[in-house]
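This report concerns only the one structure given below.
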Amino acid sequence: MSGKYRYFIFLLVALFLFSCKKEKDTGFTISGELHNVQSDTLWVHDITTIKDSLFYVAMHENRFAVSLPIDTDAVLEVIDPVTFNSFILFAGKWGRSDVSGDMSDETKITVSGGKDNELYNAFKRDYSSLRDSLAADSVVASLDAASDSLCISFVRDNLLSRVSAFVIERFMMNRPKPDYVAIAELTEELTGFVLDMPSMHRVKPVAEKKSKVSEGYYKPVSTMKLRSGKFIQARDYTGKKYCLLQFWASWSQASRNANKEIDSLLGNVKKIGGKGFDIIGVCLDSDTLALDKAVEEDGISWKQLCDGKSWDGTVADKYAVTDVPGNVLISPDGSIVARDLDAGGLKLMLDSLAKAKK
C-alpha cells in the first residue's frame with residue numbers, strides 16, 4: 001500500500017472518529033427523580049434568549065432522562081404544565097445535570113453539575129432554612145423583609161453571576177407585594193451580561209416604574225373625568241382629603257368582590273383626623289357599558305372613571321397598575337400612604353391614620 005493511500009485512509013478514519021465524538025457530545029443531558037409532578041410530561045424552556053425554545057420530557061415513575069440540543073451555556077426552566085410549578089437549571093456546554101427533589105417547592109430541588117447550579121443550590125438551602133426558622137414566629141411582612149435581606153446580600157456577593165438575576169426575579173419579584181424600591185436599587189448594581197439576561201429585561205423596567213409610585217412617593221390626585229361626565233379637580237383633594245383609587249374591572253370577579261367589601265366600610269369612614277375621605281373607582285374595562293352594568297349589579301356607591309383604554313389608561317399608567325384588584329391610598333399632601341390594601345388592611349390603615357391625628 002502506497003504512503004499516499006495510507007495517509008488518505010488515516011484521514012478518513014480520523015474524520016469518522018471526530019464526527020462520532022461530536023455526535024456523542026452534542027447536547028446537554030438532564031436526568032433525575034422528581035416527586036409531586038402532576039403531569040406525565042415536563043416542559044423544558046430555554047430562557048437564555050428572548051426567542052422561545054420548548055422541549056417535552058416524558059416522566060416514568062417519577063424519573064426522567066433527556067438529551068437536549070444545547071451546545072452552549074443556557075438557562076433552562078423545567079415546568080410541570082399542570083401546576084406550573086417550576087425550577088431553574090443552569091446548563092453548560094456538552095454537560096449534564098442530575099436533578100432530585102420535590103416539584104412543589106423549588107427550594108427543595110437540588111441540581112448537580114456546574115458552579116452556577118451549586119451556587120443556586122446553596123442559596124435555596126439558605127432561603128428555605130430562613131423561611132422555616134421564621135415561619136412560626138413572624139408575620140408575612142417580617143418574613144418578606146428577612147428574605148429580601150438574604151437575597152440582597154447574596155446578589156451583592158455575586159454581582160457577576162447569572163444566578164443573581166434569577167434570585168432577584170424568583171425570590172424578590174415573585175411575591176404578592178414586592179419591595180420595588182429595593183429591587184430597583186439592586187438592579188442598578190448589576191452590569192454586563194447579567195443585566196442583559198432576559199430575566200432582567202422583565203424585572204428592571206417594572207421595578208423602576210413601580211418604585212416611583214411606592215409608599216412615601218409624591219403622586220397626588222390629578223384632574224380626571226368621571227364616568228358621569230364631571231371632572232375631579234386636584235384642588236378638591238390637596239390639603240383636604242385622603243383618596244383611595246380603587247382599580248378594578250368588570251370581568252374580574254376578585255376585583256368586584258373587593259369593591260363590595262370596601263364599599264361596606266364607607267358608612268363608618270367620614271373623616272380621618274379632620275380630613276375627608278373619598279374613594280374613586282378606576283375601571284380598566286375597554287367597554288364602558290360593562291362598567292355601568294357591573295356598578296349597578298354590585299350596588300357600588302362611589303365615583304367611577306373609565307377612559308376605555310384598559311391597562312394603557314392614563315391613571316393606570318401613572319400609578320403603574322399591572323393587576324386587579326389593586327388600589328393606591330393618597331394623603332391630602334399628595335404622597336402615597338399605601339398600596340394594594342384589602343378591606344381589612346384599609347380599615348386598619350384608616351384607624352391608624354385617625355388615631356395619629358388626634
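Going through the C-alpha cells in order, the chains are called A, B, and so on, while each chain numbers its residues from 1 and the ligands are numbered from 1 in the order shown.
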
*Contacts of Pro81 of chain A within 9 Å, only C-alpha atoms, excl. fewer than 3 positions in-chain, as number ranges by chain*: A: 38-39, 41-43, 84-86

May I have the residues from that selection written out with N, CA and C atoms, as an mmCIF file, in the first residue's frame?
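Now in part38.cif:
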data_model
loop_
_atom_site.group_PDB
_atom_site.id
_atom_site.type_symbol
_atom_site.label_atom_id
_atom_site.label_comp_id
_atom_site.auth_asym_id
_atom_site.auth_seq_id
_atom_site.Cartn_x
_atom_site.Cartn_y
_atom_site.Cartn_z
ATOM 1 N N GLN A 38 -47.425 16.543 38.588
ATOM 2 C CA GLN A 38 -48.815 16.193 38.298
ATOM 3 C C GLN A 38 -49.052 15.810 36.843
ATOM 4 N N SER A 39 -48.060 15.955 36.010
ATOM 5 C CA SER A 39 -48.185 15.618 34.589
ATOM 6 C C SER A 39 -47.244 14.465 34.251
ATOM 7 N N THR A 41 -45.614 14.561 31.546
ATOM 8 C CA THR A 41 -44.641 15.216 30.666
ATOM 9 C C THR A 41 -44.175 16.528 31.289
ATOM 10 N N LEU A 42 -42.879 16.751 31.310
ATOM 11 C CA LEU A 42 -42.323 18.028 31.752
ATOM 12 C C LEU A 42 -42.036 18.906 30.544
ATOM 13 N N TRP A 43 -42.132 20.211 30.747
ATOM 14 C CA TRP A 43 -41.682 21.160 29.740
ATOM 15 C C TRP A 43 -40.309 21.677 30.161
ATOM 16 N N PHE A 84 -47.848 24.308 36.937
ATOM 17 C CA PHE A 84 -46.927 25.382 36.581
ATOM 18 C C PHE A 84 -45.871 25.633 37.654
ATOM 19 N N ASN A 85 -45.696 24.676 38.572
ATOM 20 C CA ASN A 85 -44.527 24.717 39.442
ATOM 21 C C ASN A 85 -43.291 24.504 38.570
ATOM 22 N N SER A 86 -42.186 25.142 38.931
ATOM 23 C CA SER A 86 -41.008 25.046 38.074
ATOM 24 C C SER A 86 -39.736 25.253 38.885
#

*asked:* Residues near Asp40 of chain A, anyone? I mean within 12 Å using only C-alpha atoms, not counting same-chain ones fewer than 3 positions away, as a PyMOL selection string.
replied: chain A and resi 34-37+43+56-64+79-82

_Just list as a PyMOL selection string whatever in segment 237-339 of chain A DSSP marks as helix (DSSP H, G or I)._
chain A and resi 253-263+266-268+288-298+310-312+314-318

*Within 8 Å of segment 89-101 of chain A, counting only C-alpha atoms, which residues show up once you throw out same-chain ones fewer than 2 positions away? Write them as an NGL selection string, please.*
:A and (25-35 or 70-78 or 87 or 103 or 108-114 or 116-117)

Just-selected residues, N, CA, C and O atoms written as a short mmCIF file (atom, residue, chain, number, x, y, z; two decimals), in the first residue's frame:
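Okay, this is what ended up in selection-v5.cif:
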data_model
loop_
_atom_site.label_atom_id
_atom_site.label_comp_id
_atom_site.auth_asym_id
_atom_site.auth_seq_id
_atom_site.Cartn_x
_atom_site.Cartn_y
_atom_site.Cartn_z
N ASP A 25 -21.10 13.95 21.86
CA ASP A 25 -21.00 15.04 22.82
C ASP A 25 -22.08 16.10 22.65
O ASP A 25 -22.37 16.84 23.56
N THR A 26 -22.64 16.21 21.44
CA THR A 26 -23.58 17.28 21.17
C THR A 26 -24.82 17.16 22.06
O THR A 26 -25.43 16.11 22.15
N GLY A 27 -25.15 18.26 22.71
CA GLY A 27 -26.34 18.28 23.53
C GLY A 27 -26.02 18.33 25.01
O GLY A 27 -24.88 18.19 25.45
N PHE A 28 -27.08 18.57 25.79
CA PHE A 28 -26.96 18.65 27.24
C PHE A 28 -27.92 17.63 27.83
O PHE A 28 -29.11 17.61 27.51
N THR A 29 -27.43 16.78 28.71
CA THR A 29 -28.23 15.70 29.27
C THR A 29 -28.73 16.05 30.67
O THR A 29 -27.96 16.51 31.50
N ILE A 30 -30.03 15.83 30.87
CA ILE A 30 -30.64 16.03 32.18
C ILE A 30 -31.34 14.74 32.57
O ILE A 30 -32.06 14.14 31.77
N SER A 31 -31.13 14.31 33.78
CA SER A 31 -31.84 13.14 34.29
C SER A 31 -32.07 13.32 35.78
O SER A 31 -31.44 14.16 36.43
N GLY A 32 -32.99 12.52 36.32
CA GLY A 32 -33.20 12.62 37.75
C GLY A 32 -34.53 12.08 38.20
O GLY A 32 -35.26 11.42 37.45
N GLU A 33 -34.85 12.39 39.45
CA GLU A 33 -36.08 11.91 40.08
C GLU A 33 -36.78 13.09 40.75
O GLU A 33 -36.19 13.79 41.59
N LEU A 34 -38.03 13.31 40.38
CA LEU A 34 -38.83 14.40 40.93
C LEU A 34 -40.15 13.87 41.47
O LEU A 34 -40.81 13.06 40.81
N HIS A 35 -40.53 14.35 42.63
CA HIS A 35 -41.79 13.95 43.23
C HIS A 35 -42.80 15.10 43.14
O HIS A 35 -42.45 16.25 42.94
N ILE A 70 -28.52 21.47 23.07
CA ILE A 70 -27.99 22.72 23.61
C ILE A 70 -26.47 22.60 23.65
O ILE A 70 -25.92 21.72 24.31
N ASP A 71 -25.77 23.44 22.89
CA ASP A 71 -24.32 23.32 22.79
C ASP A 71 -23.59 24.55 23.31
O ASP A 71 -22.46 24.82 22.94
N THR A 72 -24.26 25.30 24.19
CA THR A 72 -23.63 26.47 24.79
C THR A 72 -24.23 26.68 26.17
O THR A 72 -25.15 25.97 26.57
N ASP A 73 -23.72 27.64 26.91
CA ASP A 73 -24.29 27.93 28.22
C ASP A 73 -25.74 28.39 28.05
O ASP A 73 -26.04 29.20 27.18
N ALA A 74 -26.61 27.86 28.89
CA ALA A 74 -28.03 28.19 28.77
C ALA A 74 -28.67 28.15 30.15
O ALA A 74 -28.15 27.54 31.09
N VAL A 75 -29.80 28.82 30.26
CA VAL A 75 -30.61 28.76 31.48
C VAL A 75 -31.92 28.08 31.10
O VAL A 75 -32.62 28.52 30.19
N LEU A 76 -32.24 27.00 31.79
CA LEU A 76 -33.44 26.22 31.49
C LEU A 76 -34.42 26.32 32.64
O LEU A 76 -34.04 26.28 33.81
N GLU A 77 -35.70 26.46 32.30
CA GLU A 77 -36.76 26.39 33.29
C GLU A 77 -37.53 25.10 33.05
O GLU A 77 -38.08 24.89 31.97
N VAL A 78 -37.56 24.23 34.05
CA VAL A 78 -38.27 22.97 33.96
C VAL A 78 -39.63 23.16 34.62
O VAL A 78 -39.72 23.58 35.79
N PHE A 87 -38.61 24.99 38.25
CA PHE A 87 -37.32 25.31 38.85
C PHE A 87 -36.33 25.66 37.75
O PHE A 87 -36.54 25.34 36.58
N MET A 103 -41.14 18.77 43.33
CA MET A 103 -41.52 19.76 42.32
C MET A 103 -42.44 20.84 42.89
O MET A 103 -42.56 21.92 42.31
N LYS A 108 -36.57 23.01 47.50
CA LYS A 108 -36.26 21.63 47.89
C LYS A 108 -35.66 20.82 46.74
O LYS A 108 -35.48 19.62 46.86
N ILE A 109 -35.39 21.46 45.62
CA ILE A 109 -34.85 20.77 44.46
C ILE A 109 -33.34 21.02 44.36
O ILE A 109 -32.89 22.16 44.45
N THR A 110 -32.58 19.94 44.19
CA THR A 110 -31.13 20.02 44.06
C THR A 110 -30.73 19.66 42.63
O THR A 110 -31.20 18.66 42.08
N VAL A 111 -29.87 20.48 42.04
CA VAL A 111 -29.38 20.25 40.68
C VAL A 111 -27.86 20.15 40.74
O VAL A 111 -27.19 21.08 41.20
N SER A 112 -27.31 19.03 40.29
CA SER A 112 -25.86 18.88 40.27
C SER A 112 -25.31 19.27 38.91
O SER A 112 -26.04 19.30 37.92
N GLY A 113 -24.01 19.56 38.87
CA GLY A 113 -23.36 19.84 37.60
C GLY A 113 -23.15 21.31 37.36
O GLY A 113 -24.10 22.02 37.01
N GLY A 114 -21.94 21.78 37.56
CA GLY A 114 -21.61 23.18 37.25
C GLY A 114 -21.63 24.08 38.46
O GLY A 114 -22.42 23.89 39.40
N ASP A 116 -22.64 27.23 38.73
CA ASP A 116 -23.86 28.02 38.91
C ASP A 116 -24.95 27.22 39.62
O ASP A 116 -25.66 27.76 40.47
N ASN A 117 -25.10 25.95 39.27
CA ASN A 117 -26.10 25.12 39.94
C ASN A 117 -25.75 24.94 41.42
O ASN A 117 -26.64 24.97 42.27
#

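Looking only at segment 203-237 of chain A, the set that DSSP places in strand (DSSP E or B) from backbone geometry is Tyr218, Met224, Lys225, Phe231 and Ile232 of chain A.
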
Using N, CA, C and O atoms, can you write the selected residues to a file as a PDB file, in the first residue's frame?
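What landed in part11.pdb:
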ATOM      1  N   TYR A 218     -44.420  61.068  46.050  1.00  0.00           N
ATOM      2  CA  TYR A 218     -45.388  62.139  45.779  1.00  0.00           C
ATOM      3  C   TYR A 218     -46.096  61.879  44.460  1.00  0.00           C
ATOM      4  O   TYR A 218     -45.499  61.992  43.389  1.00  0.00           O
ATOM      5  N   MET A 224     -59.276  64.437  36.642  1.00  0.00           N
ATOM      6  CA  MET A 224     -59.756  63.232  35.966  1.00  0.00           C
ATOM      7  C   MET A 224     -61.225  63.393  35.609  1.00  0.00           C
ATOM      8  O   MET A 224     -61.990  63.996  36.361  1.00  0.00           O
ATOM      9  N   LYS A 225     -61.613  62.824  34.483  1.00  0.00           N
ATOM     10  CA  LYS A 225     -63.003  62.882  34.048  1.00  0.00           C
ATOM     11  C   LYS A 225     -63.737  61.630  34.497  1.00  0.00           C
ATOM     12  O   LYS A 225     -63.339  60.507  34.181  1.00  0.00           O
ATOM     13  N   PHE A 231     -65.773  66.428  36.181  1.00  0.00           N
ATOM     14  CA  PHE A 231     -64.319  66.365  36.361  1.00  0.00           C
ATOM     15  C   PHE A 231     -63.975  66.412  37.842  1.00  0.00           C
ATOM     16  O   PHE A 231     -64.580  67.172  38.607  1.00  0.00           O
ATOM     17  N   ILE A 232     -63.015  65.597  38.224  1.00  0.00           N
ATOM     18  CA  ILE A 232     -62.416  65.691  39.555  1.00  0.00           C
ATOM     19  C   ILE A 232     -61.258  66.674  39.444  1.00  0.00           C
ATOM     20  O   ILE A 232     -60.409  66.554  38.563  1.00  0.00           O
TER      21      ILE A 232
END

*Do you know which residues are at most 10 Å from Pro178 of chain A counting only C-alpha atoms, after dropping those on the same chain fewer than 3 positions away, and could you put them as a count of residues only?*
14
